[in-house]
Structure formats: C-alpha cells, structure tokens
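Step one of this worksheet: look at the structure below.
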Amino acid sequence: MSSDDHPKITDKTRSKYELTLAEFPTFAISTAKVTAMKPRVFEDTITGKYGEPIKRVWTLIPHGELGFGSPSTHSTLFELLQIWKEDGFSTQYIKFGSVFNVLKRMGKKTGISQYKQINKDLEVLVGITIKAKNAFWDNERKAYVDSTFHIFESVNHYKEGPIGPAMLPFSFIKASDYLFNNSILKSSLLSLPFGSKFFHSLTPVEQRLALYLSKVFRSQTINKRELIEFASQIPLEVKEPRLIKQRLKIACTRLIEKGFPLLAGFDFKISADNKSAIVIFRRNGQPQKPKQMSNEKKQKRLLPAAVNGADEQEYLTETIMEFCGDQKSLNFYKKVARLVPRQTIFRALQEAKVSDDLNETKKSKAAHFTYLIKIYAKEHGVKL
C-alpha cells in the first residue's frame, strides 16, 4: 500500500494520549487475563537525568470486581481522551454524552453486548489503581516521583426516570485530580502521528506498539530493548522468546503495511554477552528538534496553571453562571474559575451586581462581568 492511500494527518486530526500511560502496561491485550485479581507489576531500569541507573516499578491493581480491563477498555480510554481533546481539556469532566456516542465514534456496533462492554470499561477505568515508583520525573522540582493514583474518579449516566433504560445524552466521566493536574495542566500529553480511525483499526498489540513507538521516537532514531522485558511491557501473555518474536514480527509488519508513519523497520539480535535476545526498532526519518521558546513564553510557562482547586473551580463556575446566565460563555467562565483568584472573581461579581441593581449596566450583566474580570485578572498577570 502506497503512502498516497493513507489519509494525511493534520494538527486538527492528530490524536492525543497521556504520556506515561503510552509507555507503561495498563490493560490486558487478551481476554484471558481480564478477570485476574492479582496485581500486575512491571519493572525496568533506565538512565536517569544525570546518567545514573534508575529502577522503575509500575504496579497495576485491578478493579475489585471486574479485574483488569480488556482491549476494549484501552480503546474506550483512547476515545475518551480524544473527546477531551476536542473540548480543549478545559475541565476535569469528559462529556462523552452517551454510550451510543462512544460506540459510533469508535466505529462499533450498537447492540446490547456492546453497550454492556462500554459500561464495564468505564467502571474499570474508575476502579483501577496505579502505584508508580520512579515512573515520573518532575521537571519543576527536579526529582523523581513515587505516586499512587486513579485515572478517573467517577462516571455519571442520566436517565429519564428511576425505572427504565432510557438514557439521556448528558453522561460524563471525571478525571482524577492527579491526571488533570499532573498531565493535562502540565501538558504531559503525547501528540500521535495518526487519528482515531487509524487507532481503532489496529489490533491490541499493534495499538500498544504504536503508542510506545510514538513516545520513544520523539527523541530516538533507534530503540533497542531486551526482548523478555519488552514483552512484559506490552504486555504479551507469552514468555517464550520464539513466540514473542513471532507476535512482534506480525504486529510490526502490519503496522508498516497499514501506514504507521514512524516505523521504518525492525530486527532481532542476540545481546553482546550472548545471554538474551534484543528487539530493535528503527525510526522513519529524524525526530523533530524541540522548538526554542522565547524568554517571554518561558516566563508565561512558569506561571501556575491553576490557582483554584478542582472543587473550587466547579463552585466558582456555578456562581458565575448563576449571576450571568450566559450559557454560550460557559467555557470562558471555567477558564476564569481556573486561573483567577477567588477574591478577584467575587470582586468583579459584586461590582457587576451593584451596577445591575442600580440599572447602570449599559449592555448586559454578563458582558459587564466579562469586562471587569478581564481588567482585574490582568492585574494578576492573567490574560483571559
């Protein structure tokens, strides 16, 4: 298949994925291990920021009743992130609307079994716990991080009445504080060289490979991994080197045939000490050089991404909406609640309210509040 047969990916159609989840094993790629209840542990050693060896440990604790997720859970997570991206990652809430909407976006059938599977996926995503040791580097604090966290906190569905299956299109899943504050607000997201349709056309092994290679090829032209260790990272449910090679060979070949743009080739070799097998991935083209930021942009990046906590943001947004009543400006109000100190918001609200009570407001109370909050936010160095 020639490159002309594949749709071109633009910045608008590029998918986004959480940087750390792209590298570490999180979901099973076969249905055999879905209901297993024993935590899965992945360990590896990397070279640290200063050349020192760093041992990383990623422990995945399954949902108490449903176990680890399946390949479907991984696809559902991917699509939730794309819905979130389309909303500009503006809040912790991913408004997917309905299970029907998720299924249609993923190109799946909309039967009862598919509905049940997506609902199960959502429950698993809320119930999984991850323990990470040295898996994160905090560039601001110049330190490795040990952390225990959830990916999502809750999922909500709405229906017409307490009895009956009629679901309303208002469903959402809430990202955890950890995911929102440490990934979204710090822009720890991986921009993928393919769109959602391409991702869902891949097998589970191909999906994992595409995500992993998209991450490592940001800075590498050749990626070499010990075969057994890499198999546990996918994770392949086989341990025999011959079978691992076979599955990786099939997946890599199909990725190239389907038009995955980063993988030029792959190979298997024996390590220099003749003790283990090595898998080698070769990048197609050179990694892009990081763009140099101006001093002004660097200064802006040092500003705190949020001055109010998640619950406080929700309360402030509701308070602003209660006064302004302008649904079209909801995203702007959410931005205000995230970036502007509480007392400043109430200062603008109070002045707008007094003006409205005295019939001195020239346009609308919503427009007057917007005018005031932009002035007061600028005093804090925040441009809305």
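By order of appearance in the structure tokens: chains A, B, ..., then residues from 1 within every chain, and ligands from 1 in the order shown.
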Exercise. Which parts of segment 209-354 of chain A does DSSP call alpha helix (DSSP H) when run on the backbone here, written out as an NGL selection string?
Worked result: :A and (209-216 or 227-233 or 241-258 or 295-302 or 310-324 or 330-339 or 342-354)
For this session: Just the residues within 8 Å of Ser232 of chain A, please, counting only C-alpha atoms, with nothing from its chain fewer than 4 positions along; format it as a PyMOL selection string.
Result: chain A and resi 25+42+228+236-237
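The smallest atom-to-atom distance between Lys258 of chain A and any of A:Phe199, A:Tyr17, A:Phe149, A:Phe369, using only C-alpha atoms, is found for A:Phe199.
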For this session: Might you pull out every residue within 10 Å of segment 66-81 of chain A, with only C-alpha atoms counted and same-chain residues fewer than 6 positions away left off, and present them as a ChimeraX atom specification?
Result: /A:15-18,26-40,60,87,89,94-96,102-103,105-106,114,117-125,127-128,151,172-173,196-197,199-200,203-205,207-208
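Here the question is which of A:Asn134, A:Thr59, A:Thr319, A:Thr221 gets nearest to Gln286 of chain A using only C-alpha atoms, and that residue is A:Thr221.
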Set the distance at 12 Å and use only C-alpha atoms: which residues neighbour Pro169 of chain A once local chain neighbours fewer than 6 positions away are removed? I'd like the list as a tab-separated table (two decimals) with C-alpha atoms, in the first residue's frame.
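Here's the written file result-v1.tsv:
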chain	number	residue	atom	x	y	z
A	95	LYS	CA	-18.56	14.85	28.47
A	96	PHE	CA	-18.95	11.83	26.21
A	97	GLY	CA	-22.73	12.28	26.07
A	98	SER	CA	-23.83	8.66	25.84
A	99	VAL	CA	-22.54	5.14	25.35
A	100	PHE	CA	-24.15	5.24	21.90
A	101	ASN	CA	-21.97	8.24	21.01
A	102	VAL	CA	-18.79	6.45	22.15
A	156	ASN	CA	-22.20	9.54	35.72
A	157	HIS	CA	-25.12	8.47	33.50
A	158	TYR	CA	-28.51	10.19	33.32
A	159	LYS	CA	-31.90	8.61	32.61
A	160	GLU	CA	-35.49	9.79	32.33
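Of the listed residues (A:Ser188, A:Asp146, A:Met167, A:Val126), A:Ser188 comes nearest to Ala22 of chain A; the distances count only C-alpha atoms.
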For this session: Write down as a ChimeraX atom specification the residues belonging to segment 71-258 of chain A that are assigned strand (DSSP E) by DSSP computed on the backbone.
Result: /A:93-97,129-138,143-150,152-159,167-175,189-191,222-226
Exercise. Which polymer residues have any atom within 12 Å of an atom of Gln288 of chain A, counting only C-alpha atoms, with same-chain residues fewer than 4 positions away left out, as an MDAnalysis selection string?
Worked result: chainID A and resid 217:221 262 283:284 292
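Nearest residue to Lys335 of chain A, choosing from A:Pro162, A:Gly88, A:Pro287, A:Pro241 and counting only C-alpha atoms: A:Gly88.
Our summary of the geometry notes that atom CA of Thr110 of chain A is positioned 28.4 Å from atom CA of Pro193 of chain A.
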